[in-house]
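Here is the structure we will look at.
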Amino acid sequence: MTTIDRPTIDAPTELLIGGEWRPAASGDRFDVVDPATGTVIATVANGGVDDALAAVDAADTAAAAWAATPPRRRAEILRRAFELMAERSEDLARLISLENGKALVDARGEVAYAAEFFRWYSEEAVRAAGSVMTAPSGTNRILVLQQPVGICVLVTPWNFPAAMATRKIGPALAAGCTVVLKPASDTPLTALAMGSLLHEAGVPDGVVNVVPSRSSGAVVSAMLHDPRVRKLSFTGSTEVGRILLAEAADQVVNTSMELGGNAPFLVFADADVDAAVDGAMVAKMRNAGEACTAANRFYVEAAVADEFARRLAERMSALVVGPASEEGTQVGPLINEEAAAKVDALVSGAVADGARAVVGGRRPSRSGFYFEPTVLVDVPSGSGILREEIFGPVAPIVTFVDEQDAVALANGSEYGLVAYVYTRDLARGLRVSEALDFGMVGLNRGLVSDPAAPFGGVKQSGIGREGGHEGVLDYLESKYVAVQW
Ligand code: NAP
């Protein structure tokens with residue numbers, strides 16, 4: 001086994017406020033841990049309410065000049081940020097692996113994906129078009145301007161520490177907004193490195209502020225109650241999303257919510273089973289299953305269920321589990337002990353309900369927060385593992401009898417982020433895609449994420465879209481001017 005060089009951790013570890021790297025006002029710091037070993041890799045300034053409000057001050061000071069910066073200039077800065085990310089991709093990937101634990105192959109994929117949001121929004125920055133029309137009465141014109149929504153608070157999760165930040169910062173900056181980023185406290189180093197890179201790319205002081213904190217509730221709440229903050233973009237669990245929607249209500253803050261998923265993966269008997277197994281491996285195992293888009297429930301038509309389960313189990317058992325620091329690792333540890341224990345409990349619960357593990361099913365005997373790649377069959381349709389986000393490398397398989405049954409099973413969830421469908425019958429594929437209550441569908445494809453496409457969910461998976469042209473609209477307000485000339 002070849003060991004990969006550790007990255008030199010030259011990521012900043014202070015707060016980024018108004019273009020300066022500062023310690024927390026309280027002097028507090030917190031530890032960042034390598035999930036593969038549990039060892040402390042850095043200590044980071046622990047932002048408090050005073051720091052968060054100082055960051056809002058900085059964002060406010062910078063707001064007017066940034067909104068007035070020519071779109072072409074904003075575009076050039078974002079383009080430069082894309083280029084810098086591409087140049088530093090290997091260092092960034094190693095930093096992500098180190099603090100998040102994901103395999104280097106996944107971290108490299110994330111950096112490439114994350115950088116594309118800067119490229120895409122550098123191209124969108126110059127296309128924030130308004131409109132003009134004649135009023136139906138003919139008496140006046142209806143002029144619609146697109147203006148930046150204002151100061152944005154961006155709250156991101158640990159599972160894609162770079163991409164969830166760039167997916168928000170890219171469109172916010174393109175639209176002319178200033179931001180305060182509050183990253184997940186398990187993975188603050190990548191966010192701080194992004195802040196540094198954006199300044200190097202030419203982002204003026206105060207336009208992007210980064211405030212890691214272990215008191216996320218208090219810090220975000222304080223910012224949402226500052227009347228200068230006009231937008232919250234949150235990616236994380238539905239549970240925290242609900243809290244923040246209530247907090248945002250007090251000042252009627254505009255919200256975008258990218259919340260949990262519980263993705264069904266439907267395989268019809270007429271599917272290309274090779275393609276379905278390939279797609280399942282991507283949809284399930286990207287990031288070791290720690291993705292909101294992860295296939296969480298496999299519904300397979302009875303005629304091909306045994307074959308699909310057998311072939312998926314073969315592929316899952318061949319995966320190399322280990323620390324991201326070893327070249328060849330395909331599945332890294334989960335983020336922390338709590339995550340590994342939760343997956344363990346969900347699998348044990350499913351087995352108690354009557355499911356059978358054809359491969360995996362337990363935590364391997366090594367230190368770190370690992371779980372074996374697992375395929376469960378004979379999972380009863382009421383089992384708890386089908387209702388909750390597993391967020392780990394576990395594929396529960398349930399059989400269905402016909403199309404109506406498949407759609408009903410898939411839609412039987414309060415979540416509605418993404419669904420996957422495998423069939424060779426295009427008419428069925430489109431019919432089922434229309435019938436699924438999800439914001440996105442992968443039709444004969446196990447990967448939907450694309451910076452050029454509108455990503456987002458319905459039901460309790462969220463509000464709003466990130467990526468594509470729709471993504472920049474979330475950071476713009478329409479202003480209507482009734483004009484008579
Ligand atoms: P989480 O616990 O909801 O945390 C997300 C962010 O919110 C973190 O920065 C966290 O800070 C912060 N936070 C936690 N409690 C808060 C509170 N009371 N007030 C304000 N902020 C608070 O989610 P996670 O465990 O990091 O991420 C996994 C979840 O994210 C999964 O449910 C996954 O499906 C979802 N996700 C969704 C998408 C999507 O696009 N739909 C993408 C990726 C992930 P701390 O780290 O300090 O707790």
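How things are named: the first chain in the structure tokens is A, the next is B, and so on; residues count from 1 in each chain; ligands count from 1 in the order shown.
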
Which residues are near ligand 1 in this structure, taking near to mean any atom at most 9 Å from a ligand atom and counting only C-alpha atoms and all ligand atoms? Format them as a PDB file with C-alpha atoms, in the first residue's frame.
```pdb
ATOM      1  CA  LEU A 154     -24.211  31.090   3.918  1.00  0.00           C
ATOM      2  CA  VAL A 155     -24.266  27.999   6.141  1.00  0.00           C
ATOM      3  CA  THR A 156     -22.636  24.828   4.809  1.00  0.00           C
ATOM      4  CA  PRO A 157     -22.303  21.154   5.851  1.00  0.00           C
ATOM      5  CA  TRP A 158     -19.184  19.013   6.276  1.00  0.00           C
ATOM      6  CA  ASN A 159     -19.855  16.437   3.547  1.00  0.00           C
ATOM      7  CA  PHE A 160     -18.774  18.645   0.609  1.00  0.00           C
ATOM      8  CA  MET A 164     -21.260  23.517  -0.924  1.00  0.00           C
ATOM      9  CA  LYS A 182     -20.354  29.845   8.407  1.00  0.00           C
ATOM     10  CA  PRO A 183     -18.867  26.434   7.538  1.00  0.00           C
ATOM     11  CA  ALA A 184     -19.489  23.179   9.400  1.00  0.00           C
ATOM     12  CA  SER A 185     -17.288  22.993  12.469  1.00  0.00           C
ATOM     13  CA  ASP A 186     -16.020  19.514  11.490  1.00  0.00           C
ATOM     14  CA  THR A 187     -14.504  20.949   8.276  1.00  0.00           C
ATOM     15  CA  PRO A 188     -13.595  24.638   8.644  1.00  0.00           C
ATOM     16  CA  PRO A 212     -16.120  29.069  11.728  1.00  0.00           C
ATOM     17  CA  SER A 213     -17.837  28.454  15.041  1.00  0.00           C
ATOM     18  CA  ARG A 214     -18.688  25.716  17.491  1.00  0.00           C
ATOM     19  CA  SER A 215     -21.694  27.815  18.600  1.00  0.00           C
ATOM     20  CA  SER A 216     -23.436  27.646  15.246  1.00  0.00           C
ATOM     21  CA  GLY A 217     -26.956  28.150  16.617  1.00  0.00           C
ATOM     22  CA  ALA A 218     -26.157  31.380  18.468  1.00  0.00           C
ATOM     23  CA  VAL A 219     -23.940  32.777  15.724  1.00  0.00           C
ATOM     24  CA  VAL A 220     -26.364  32.168  12.861  1.00  0.00           C
ATOM     25  CA  SER A 221     -29.322  33.338  14.929  1.00  0.00           C
ATOM     26  CA  PHE A 234     -28.454  26.893   4.063  1.00  0.00           C
ATOM     27  CA  THR A 235     -27.284  23.405   3.144  1.00  0.00           C
ATOM     28  CA  GLY A 236     -27.644  20.768   5.819  1.00  0.00           C
ATOM     29  CA  SER A 237     -30.151  18.574   7.569  1.00  0.00           C
ATOM     30  CA  THR A 238     -33.898  19.071   7.361  1.00  0.00           C
ATOM     31  CA  GLU A 239     -33.969  19.219  11.153  1.00  0.00           C
ATOM     32  CA  VAL A 240     -31.682  22.270  11.325  1.00  0.00           C
ATOM     33  CA  GLY A 241     -33.326  23.728   8.206  1.00  0.00           C
ATOM     34  CA  ILE A 243     -35.083  25.725  12.944  1.00  0.00           C
ATOM     35  CA  LEU A 244     -33.501  28.247  10.591  1.00  0.00           C
ATOM     36  CA  GLU A 247     -35.428  32.037  12.830  1.00  0.00           C
ATOM     37  CA  MET A 257     -32.776  25.606   1.709  1.00  0.00           C
ATOM     38  CA  GLU A 258     -30.851  22.574   0.458  1.00  0.00           C
ATOM     39  CA  LEU A 259     -31.874  19.902   2.947  1.00  0.00           C
ATOM     40  CA  GLY A 260     -31.807  16.169   3.440  1.00  0.00           C
ATOM     41  CA  GLY A 261     -32.591  13.529   0.851  1.00  0.00           C
ATOM     42  CA  ASN A 262     -33.761   9.925   0.944  1.00  0.00           C
ATOM     43  CA  GLU A 290     -22.250  10.669   2.805  1.00  0.00           C
ATOM     44  CA  ALA A 291     -24.134  12.691   0.199  1.00  0.00           C
ATOM     45  CA  CYS A 292     -27.627  14.176   0.172  1.00  0.00           C
ATOM     46  CA  THR A 293     -27.946  12.644  -3.301  1.00  0.00           C
ATOM     47  CA  ALA A 294     -26.929   9.166  -2.094  1.00  0.00           C
ATOM     48  CA  ALA A 339     -22.124   8.917  12.218  1.00  0.00           C
ATOM     49  CA  GLU A 389     -30.950   9.187   5.558  1.00  0.00           C
ATOM     50  CA  PHE A 391     -25.370   8.650   5.198  1.00  0.00           C
ATOM     51  CA  LEU A 417     -34.480  15.706  -3.433  1.00  0.00           C
ATOM     52  CA  PHE A 455     -30.026  21.419  -8.134  1.00  0.00           C
ATOM     53  CA  GLY A 456     -32.620  21.263  -5.378  1.00  0.00           C
ATOM     54  CA  GLY A 457     -35.484  19.457  -3.762  1.00  0.00           C
ATOM     55  CA  SER A 461     -35.797  18.482   0.946  1.00  0.00           C
ATOM     56  CA  GLY A 462     -35.756  22.194   0.406  1.00  0.00           C
ATOM     57  CA  ARG A 465     -32.290  25.889  -6.643  1.00  0.00           C
ATOM     58  CA  GLU A 466     -28.515  26.077  -6.775  1.00  0.00           C
TER      59      GLU A 466
END
```

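For Ala107 of chain A, the list of residues within 8 Å, based on only C-alpha atoms and with local chain neighbours fewer than 2 positions off taken out, reads Ala93, Arg94, Ile96, Ser97, Lys102, Ala103, Leu104, Val105, Gly109, Glu110 and Val111 of chain A.
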
Now that the selection is made, can you save its residues with C-alpha atoms as a tab-separated table (two decimals), in the first residue's frame?
```
chain	number	residue	atom	x	y	z
A	93	ALA	CA	-8.11	17.69	-2.36
A	94	ARG	CA	-5.63	16.57	0.31
A	96	ILE	CA	-10.50	17.99	2.17
A	97	SER	CA	-9.45	14.35	2.65
A	102	LYS	CA	-13.15	11.07	2.21
A	103	ALA	CA	-11.00	9.03	-0.14
A	104	LEU	CA	-8.62	11.13	-2.22
A	105	VAL	CA	-10.38	10.06	-5.40
A	109	GLY	CA	-13.74	14.89	-7.76
A	110	GLU	CA	-15.13	17.40	-5.29
A	111	VAL	CA	-12.47	20.02	-6.06
```

Ser433 of chain A proximity check over A:Tyr113, A:Phe265, A:Tyr420, A:Tyr415, using only C-alpha atoms: winner is A:Tyr420

So that I can see what lies close to Gly101 of chain A, please list as a PyMOL selection string the residues with an atom at most 6 Å from it, counting only C-alpha atoms and leaving out residues fewer than 5 positions away in the same chain.
chain A and resi 35-36+332-333

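Going from atom CA of Gly468 of chain A to atom CA of Glu414 of chain A covers 25.5 Å.
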
Pick out the residues sitting within 12 Å of Leu189 of chain A, and hand them over as a PyMOL selection string; count only C-alpha atoms, and ignore anything fewer than 6 positions along from it in its own chain. chain A and resi 9-16+30-34+41-45+92-100+158+161-162+182-183+195-196+210-213

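For the set A:Val375, A:Met223, A:Val407, A:Ala295, the residue with the smallest atom-to-atom gap to Val180 of chain A is A:Met223, counting only C-alpha atoms.
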
Practice problem: Within 8 Å of Pro380 of chain A, counting only C-alpha atoms, which residues show up once you throw out same-chain ones fewer than 3 positions away? Write them as a ChimeraX atom specification, please. | Solution: /A:353-355,383,398

Just write the chosen residues, C-alpha atoms, as an mmCIF file, in the first residue's frame.
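The new file again_12.cif reads:
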```cif
data_model
loop_
_atom_site.group_PDB
_atom_site.id
_atom_site.type_symbol
_atom_site.label_atom_id
_atom_site.label_comp_id
_atom_site.auth_asym_id
_atom_site.auth_seq_id
_atom_site.Cartn_x
_atom_site.Cartn_y
_atom_site.Cartn_z
ATOM 1 C CA ASP A 353 -36.768 -6.381 11.101
ATOM 2 C CA GLY A 354 -35.829 -9.425 8.965
ATOM 3 C CA ALA A 355 -33.259 -8.045 6.477
ATOM 4 C CA SER A 383 -38.079 -0.797 8.069
ATOM 5 C CA VAL A 398 -36.699 -3.963 -1.606
#
```

Excluding Arg228 of chain A and any residue of its chain fewer than 4 positions from it, enumerate the residues within 8 Å of it, using only C-alpha atoms, and give them as a CSV table (one decimal) with C-alpha atoms, in the first residue's frame.
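The resulting selection_35.csv:
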```csv
chain,number,residue,atom,x,y,z
A,56,VAL,CA,-21.9,41.5,9.0
A,60,ASP,CA,-22.2,45.9,4.9
A,150,GLY,CA,-28.2,42.1,-0.2
A,151,ILE,CA,-26.0,40.7,2.6
```

Inset, instruction - Any chance you could list, as an MDAnalysis selection string, the residues in segment 85-168 of chain A that come up helix (DSSP H, G or I) when DSSP is run on the backbone? - result: chainID A and resid 85:87 89:100 104:127 163:168

- Task: Would you please extract all strand (DSSP E) residues from segment 208-429 of chain A, as assigned by DSSP on the backbone, and give them as a PyMOL selection string?
- Result: chain A and resi 208-210+229-235+254-258+263-267+295-301+356-359+374-377+394-400+415-416+418-422

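Comparing A:Leu312, A:Val483, A:Val394, A:Val321 by their smallest distance to Gly289 of chain A, the closest is A:Val394 (using only C-alpha atoms).
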
Extract, using only C-alpha atoms, all DNA, RNA and protein residues at most 9 Å from Phe268 of chain A, discarding same-chain residues fewer than 5 positions from it, and format them as a PyMOL selection string. chain A and resi 299-304+400+402-403+406+421-424

Using only C-alpha atoms, the residue out of A:His225, A:Ala68, A:Pro264, A:Ala318 with shortest distance to Ala248 of chain A is A:His225
